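Student: What follows is my_file00.txt, made up of compact mmCIF, C-alpha atoms:
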```
# COMPACT_ATOMS: atom_id res chain seq x y z
CA MET A 1 -18.91 -3.64 -13.96
CA ASN A 2 -16.10 -3.81 -16.48
CA SER A 3 -17.07 -2.16 -19.75
CA PRO A 4 -15.90 -3.30 -23.22
CA GLN A 5 -14.07 0.04 -23.60
CA GLU A 6 -12.18 -0.67 -20.39
CA TYR A 7 -11.06 -4.07 -21.71
CA ILE A 8 -9.85 -2.53 -24.99
CA LEU A 9 -7.95 0.22 -23.19
CA LEU A 10 -6.49 -2.35 -20.81
CA PHE A 11 -5.27 -4.59 -23.66
CA ILE A 12 -3.62 -1.67 -25.42
CA ASN A 13 -2.01 -0.27 -22.26
CA ALA A 14 -1.01 -3.66 -20.85
CA ILE A 15 1.42 -4.44 -23.66
CA ARG A 16 4.10 -2.37 -21.90
CA CYS A 17 3.50 -4.39 -18.71
CA ILE A 18 4.21 -7.82 -20.19
CA PRO A 19 7.78 -7.83 -18.78
CA HIS A 20 6.26 -7.14 -15.34
CA LEU A 21 4.00 -10.16 -15.74
CA ILE A 22 7.01 -12.35 -16.52
CA LEU A 23 8.83 -10.97 -13.45
CA PHE A 24 5.75 -11.73 -11.33
CA LEU A 25 5.57 -15.31 -12.60
CA LEU A 26 9.25 -15.95 -11.82
CA HIS A 27 9.57 -14.01 -8.58
CA PRO A 28 9.73 -15.85 -5.21
CA ASN A 29 7.49 -13.15 -3.65
CA LYS A 30 4.62 -14.12 -5.97
CA GLU A 31 2.09 -15.13 -3.27
CA VAL A 32 2.47 -11.84 -1.40
CA ILE A 33 2.05 -9.85 -4.62
CA LYS A 34 -0.99 -11.96 -5.46
CA ALA A 35 -2.60 -10.95 -2.14
CA ASP A 36 -1.88 -7.28 -2.96
CA ILE A 37 -3.56 -7.70 -6.36
CA ILE A 38 -6.65 -9.39 -4.92
CA ARG A 39 -7.12 -6.76 -2.22
CA GLY A 40 -6.44 -3.87 -4.62
CA LEU A 41 -8.97 -5.14 -7.17
CA ASP A 42 -11.52 -5.75 -4.44
CA ASN A 43 -11.03 -2.19 -3.19
CA MET A 44 -11.76 -0.85 -6.69
CA ASP A 45 -14.63 -3.31 -7.24
CA LYS A 46 -12.94 -4.85 -10.29
CA LYS A 47 -13.60 -8.47 -11.20
CA TYR A 48 -10.41 -9.56 -12.94
CA GLY A 49 -8.33 -12.69 -12.42
CA ILE A 50 -4.81 -12.53 -11.01
CA TYR A 51 -2.85 -12.07 -14.25
CA PHE A 52 -5.30 -9.71 -15.91
CA GLY A 53 -5.66 -7.95 -12.56
CA LEU A 54 -1.90 -7.46 -12.34
CA LEU A 55 -1.89 -5.89 -15.80
CA TYR A 56 -4.83 -3.66 -14.82
CA MET A 57 -3.21 -2.51 -11.58
CA LEU A 58 0.13 -1.81 -13.28
CA SER A 59 -1.56 0.03 -16.14
CA PHE A 60 -3.82 2.32 -14.13
CA CYS A 61 -2.60 2.45 -10.49
CA LYS A 62 0.74 4.17 -9.99
CA GLU A 63 0.57 3.48 -6.25
CA PHE A 64 0.43 -0.24 -6.98
CA ARG A 65 3.50 0.10 -9.19
CA ASN A 66 5.45 1.49 -6.24
CA LEU A 67 4.39 -1.47 -4.11
CA PHE A 68 5.12 -3.94 -6.93
CA TYR A 69 8.61 -2.48 -7.37
CA TYR A 70 9.17 -2.62 -3.61
CA ARG A 71 8.20 -6.31 -3.59
CA THR A 72 10.34 -7.23 -6.62
CA ARG A 73 13.50 -5.30 -5.82
CA PRO A 74 16.32 -5.27 -6.94
CA PHE A 75 15.00 -6.30 -10.40
CA SER A 76 12.44 -3.52 -10.41
CA PHE A 77 15.01 -0.82 -11.15
CA PHE A 78 14.91 -1.71 -14.85
CA PHE A 79 11.11 -1.92 -15.06
CA ASN A 80 10.52 1.59 -13.74
CA PHE A 81 11.62 2.93 -17.13
CA ILE A 82 8.79 1.04 -18.83
CA CYS A 83 6.03 1.82 -16.37
CA ARG A 84 6.71 4.84 -14.13
CA GLN A 85 5.85 4.73 -10.45
CA GLN A 86 4.23 7.47 -8.33
CA SER A 87 7.06 9.98 -7.90
CA THR A 88 5.86 11.35 -4.54
CA LEU A 89 5.21 8.01 -2.82
CA TYR A 90 8.15 6.63 -0.86
CA ILE A 91 8.17 3.12 0.59
CA GLN A 92 11.16 2.41 2.83
CA SER A 93 9.77 -0.07 5.35
CA GLN A 94 11.77 -3.09 6.45
CA ASN A 95 8.88 -5.54 6.19
CA ILE A 96 5.39 -5.18 4.69
CA GLY A 97 2.78 -7.90 5.05
CA GLU A 98 0.58 -9.10 2.22
CA GLY A 99 -2.55 -7.28 1.11
CA LEU A 100 -1.33 -3.69 1.48
CA VAL A 101 -3.52 -1.18 -0.36
CA ILE A 102 -2.31 2.37 -0.98
CA ILE A 103 -5.13 4.65 -2.08
CA HIS A 104 -4.05 7.72 -4.08
CA GLY A 105 -0.61 7.61 -2.41
CA PHE A 106 0.19 11.21 -3.34
CA ALA A 107 2.84 12.82 -1.12
CA SER A 108 3.17 9.84 1.23
CA ALA A 109 6.24 8.51 3.01
CA ILE A 110 6.00 5.00 4.47
CA GLY A 111 9.00 4.28 6.65
CA ALA A 112 7.70 1.86 9.26
CA GLU A 113 9.76 -0.84 10.94
CA SER A 114 7.08 -3.27 9.80
CA ILE A 115 3.51 -3.24 8.49
CA GLY A 116 1.15 -6.16 9.05
CA LYS A 117 -1.32 -7.85 6.72
CA ASN A 118 -4.25 -6.15 4.98
CA CYS A 119 -3.40 -2.56 5.88
CA THR A 120 -4.73 0.47 4.01
CA ILE A 121 -2.89 3.77 3.63
CA PHE A 122 -4.35 6.91 2.04
CA GLN A 123 -2.66 9.99 0.54
CA GLN A 124 -0.39 12.49 2.29
CA VAL A 125 0.44 10.06 5.09
CA THR A 126 3.76 10.15 6.90
CA ILE A 127 4.93 7.08 8.76
CA GLY A 128 8.44 7.60 9.99
CA GLY A 129 11.01 7.06 12.64
CA THR A 130 13.10 9.10 15.00
CA ASP A 131 16.57 8.40 16.33
CA LYS A 132 14.97 5.82 18.65
CA GLY A 133 13.29 3.81 15.89
CA ALA A 134 10.34 3.56 13.52
CA PRO A 135 6.67 2.60 14.08
CA THR A 136 5.27 -0.91 13.83
CA LEU A 137 1.79 -1.30 12.35
CA LYS A 138 0.05 -4.59 13.02
CA ASP A 139 -2.71 -6.25 10.92
CA ASN A 140 -5.80 -4.52 9.45
CA VAL A 141 -4.71 -0.95 10.19
CA LYS A 142 -6.30 1.92 8.24
CA VAL A 143 -4.41 5.20 8.05
CA PHE A 144 -6.50 7.99 6.57
CA ALA A 145 -5.35 11.06 4.60
CA GLY A 146 -2.84 13.39 6.15
CA ALA A 147 -2.13 11.28 9.23
CA VAL A 148 1.31 11.29 10.82
CA ILE A 149 2.65 8.29 12.75
CA ILE A 150 6.08 8.88 14.19
CA GLY A 151 8.54 7.28 16.59
CA LYS A 152 9.21 3.82 17.92
CA ILE A 153 5.57 3.00 18.69
CA THR A 154 3.20 0.13 18.01
CA ILE A 155 -0.17 0.52 16.30
CA GLY A 156 -2.29 -2.49 17.28
CA ASN A 157 -4.51 -4.77 15.19
CA ASN A 158 -7.74 -3.38 13.67
CA VAL A 159 -6.84 0.24 14.42
CA ILE A 160 -8.17 3.25 12.52
CA ILE A 161 -6.02 6.38 12.40
CA GLY A 162 -8.30 9.28 11.42
CA ALA A 163 -7.52 11.88 8.78
CA ASN A 164 -4.92 14.44 9.88
CA ALA A 165 -4.33 12.70 13.22
CA THR A 166 -0.86 12.77 14.72
CA VAL A 167 0.16 9.64 16.60
CA TYR A 168 3.30 9.43 18.73
CA ASN A 169 2.15 6.95 21.42
CA ASN A 170 1.27 3.26 21.28
CA VAL A 171 -2.31 2.51 20.20
CA PRO A 172 -4.01 -0.66 21.54
CA ASP A 173 -5.92 -3.18 19.39
CA ASN A 174 -9.42 -2.33 18.10
CA SER A 175 -9.04 1.42 18.65
CA THR A 176 -9.61 4.62 16.73
CA VAL A 177 -7.48 7.76 16.92
CA LEU A 178 -9.34 10.93 16.01
CA PRO A 179 -7.62 14.07 14.70
CA GLY A 180 -7.14 17.10 16.90
CA THR A 181 -7.64 15.20 20.15
CA SER A 182 -4.58 12.94 20.36
CA LYS A 183 -6.84 10.60 22.33
CA VAL A 184 -7.45 6.94 21.63
CA PHE A 185 -11.06 5.84 21.48
CA LYS A 186 -11.87 2.18 21.87
CA TRP A 187 -14.92 0.34 20.55
CA LYS A 188 -15.85 -3.31 20.57
```
Would you mind writing the file's structure down as C-alpha cells?

Tutor:
Amino acid sequence: MNSPQEYILLFINAIRCIPHLILFLLHPNKEVIKADIIRGLDNMDKKYGIYFGLLYMLSFCKEFRNLFYYRTRPFSFFFNFICRQQSTLYIQSQNIGEGLVIIHGFASAIGAESIGKNCTIFQQVTIGGTDKGAPTLKDNVKVFAGAVIIGKITIGNNVIIGANATVYNNVPDNSTVLPGTSKVFKWK
C-alpha cells in the first residue's frame, strides 16, 4: 500500500522529473514506455497511474532511468544531468520490446541483438556478443543474477536463465537453464 509519507516524498522528489514527463508526453515511443511503467509498477506492487507512476519510477528506480533514456534517445542526453542513471548498467541492444523490467541492474551489460516483450533482467547480468554476433532473447525471458549469455544464440520464449548460469548455445521455448550444469531442462 502507498503510505502518505511516500506520496509526500514522491511529490517533493518528482519536481526534478517534470521535464521527463513532458518528454514522455511528446515522444513517439510513448506506448512502449507506458508498458515499461505498468510492468515496473506491477513488479514493485505499486498502484499508481501512468503519469504518477512515471514520476515514481524516475524518482526512485535508477534502472528505470537507464531504460527511459535508452527509449528516448537522443534527447535523453540532456536529462541525465537532472536525474542521474545507474552508472554501472549499460544498455546497448539494437531492439528492446515493451515491458522490460530491470531489477537492481547493478553491474549489468545488456548488449543483445534484440530482446522481446515482457523480459526481466536482474543484477550482474552480462548479455553480449562475439565477433559472430549477439544473442536474441524472445518474449517473457527471465535472466537471474550473475547469468552470462554470450554469442550469436537464440533464447526462446518463456525461458528462465538461472542465477550464475552461463549460456552459449540456443535454448528452446519453455525451458530452464540451471547454473553449473550447462544443461537445458524443459517443463510443460

Student: Find, counting all atoms listed in the file, the residue in A:Ser3, A:Pro19, A:Ala35, A:Ile150 that gets nearest to Asp131 of chain A.

Tutor: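 For Asp131 of chain A, the nearest of the given residues is A:Ile150.
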
Student: Is it possible to get the residues within 7 Å of (-5.0, 3.6, 13.4) (coordinates as in the file, counting all atoms listed in the file) written as a list in words?

Tutor: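 Here the neighbourhood of the point contains Val141, Lys142, Val143, Ile155, Val159, Ile160, Ile161, Gly162, Ser175, Thr176 and Val177 of chain A.
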
Student: How far is it from atom CA of Gly99 of chain A to atom CA of Val167 of chain A, in Å with one decimal?

Tutor: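 Going from atom CA of Gly99 of chain A over to atom CA of Val167 of chain A covers 23.1 Å.
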
Student: Near Phe11 of chain A, counting only C-alpha atoms, which residues have an atom at most 10 Å away, once you skip same-chain residues fewer than 6 positions from it, shown as a PDB file with C-alpha atoms, in the frame of the given file?

Tutor:
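Produced file result_23.pdb, reproduced below:
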```pdb
ATOM      1  CA  GLN A   5     -14.070   0.040 -23.600  1.00  0.00           C
ATOM      2  CA  PHE A  52      -5.300  -9.710 -15.910  1.00  0.00           C
ATOM      3  CA  LEU A  55      -1.890  -5.890 -15.800  1.00  0.00           C
ATOM      4  CA  TYR A  56      -4.830  -3.660 -14.820  1.00  0.00           C
ATOM      5  CA  SER A  59      -1.560   0.030 -16.140  1.00  0.00           C
TER       6      SER A  59
END
```

Student: For Leu41 of chain A, find every residue with an atom within 12 Å (counting all atoms listed in the file), except residues of its own chain fewer than 2 positions away, and show them as a ChimeraX atom specification.

Tutor: /A:2,34-39,43-58,60-61,64,99-103

Student: Which residue is closest to Pro135 of chain A? Choose from A:Ala107, A:Ile149, A:Leu178, A:Ile91 and count only C-alpha atoms.

Tutor: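 Of A:Ala107, A:Ile149, A:Leu178, A:Ile91, the one nearest Pro135 of chain A, counting only C-alpha atoms, is A:Ile149.
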
Student: Hey, which of A:Ile110, A:Thr88, A:Lys117, A:Ile96 ends up closest to Gly156 of chain A? Count all atoms listed in the file.

Tutor: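 Among the listed residues, the smallest separation from Gly156 of chain A belongs to A:Lys117.
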
Student: How would you write as a tab-separated table (two decimals) with C-alpha atoms, in the frame of the given file the residues that get within 10 Å of (1.3, -4.7, 16.7) in the file's frame, counting only C-alpha atoms?

Tutor:
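File written: out.tsv
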```tsv
chain	number	residue	atom	x	y	z
A	114	SER	CA	7.08	-3.27	9.80
A	115	ILE	CA	3.51	-3.24	8.49
A	116	GLY	CA	1.15	-6.16	9.05
A	135	PRO	CA	6.67	2.60	14.08
A	136	THR	CA	5.27	-0.91	13.83
A	137	LEU	CA	1.79	-1.30	12.35
A	138	LYS	CA	0.05	-4.59	13.02
A	139	ASP	CA	-2.71	-6.25	10.92
A	141	VAL	CA	-4.71	-0.95	10.19
A	153	ILE	CA	5.57	3.00	18.69
A	154	THR	CA	3.20	0.13	18.01
A	155	ILE	CA	-0.17	0.52	16.30
A	156	GLY	CA	-2.29	-2.49	17.28
A	157	ASN	CA	-4.51	-4.77	15.19
A	158	ASN	CA	-7.74	-3.38	13.67
A	159	VAL	CA	-6.84	0.24	14.42
A	170	ASN	CA	1.27	3.26	21.28
A	171	VAL	CA	-2.31	2.51	20.20
A	172	PRO	CA	-4.01	-0.66	21.54
A	173	ASP	CA	-5.92	-3.18	19.39
```

Student: Quick check, in Å to one decimal: how far apart do atom CA of Phe24 of chain A and atom CA of Phe75 of chain A lie?

Tutor: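 If I compute the distance from atom CA of Phe24 of chain A to atom CA of Phe75 of chain A, I get 10.8 Å.
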
Student: As an exercise, work out the distance from atom CA of Leu10 of chain A to atom CA of Gln86 of chain A in Å and give it to one decimal place.

Tutor: 19.2 Å

Student: Which one is closest to His27 of chain A: A:Ala112, A:Thr72, A:Val148, A:Lys62? Count all atoms listed in the file.

Tutor: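 Result for the nearest residue to His27 of chain A: A:Thr72.
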
Student: Please write out, as JSON, where the centre of an axis-aligned box around all listed atoms of segment 61-64 of chain A lies and how long its edges are, in Å to one decimal, after adding 8 Å on each side.

Tutor:
```
{"center_x": -0.9, "center_y": 2.0, "center_z": -8.4, "size_x": 19.3, "size_y": 20.4, "size_z": 20.2}
```

Student: Would you mind telling me which residue in A:Arg73, A:Arg84, A:His104, A:Lys152 lies nearest to Gly133 of chain A when using only C-alpha atoms?

Tutor: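 Once distances to Gly133 of chain A are computed over only C-alpha atoms, the minimum belongs to A:Lys152.
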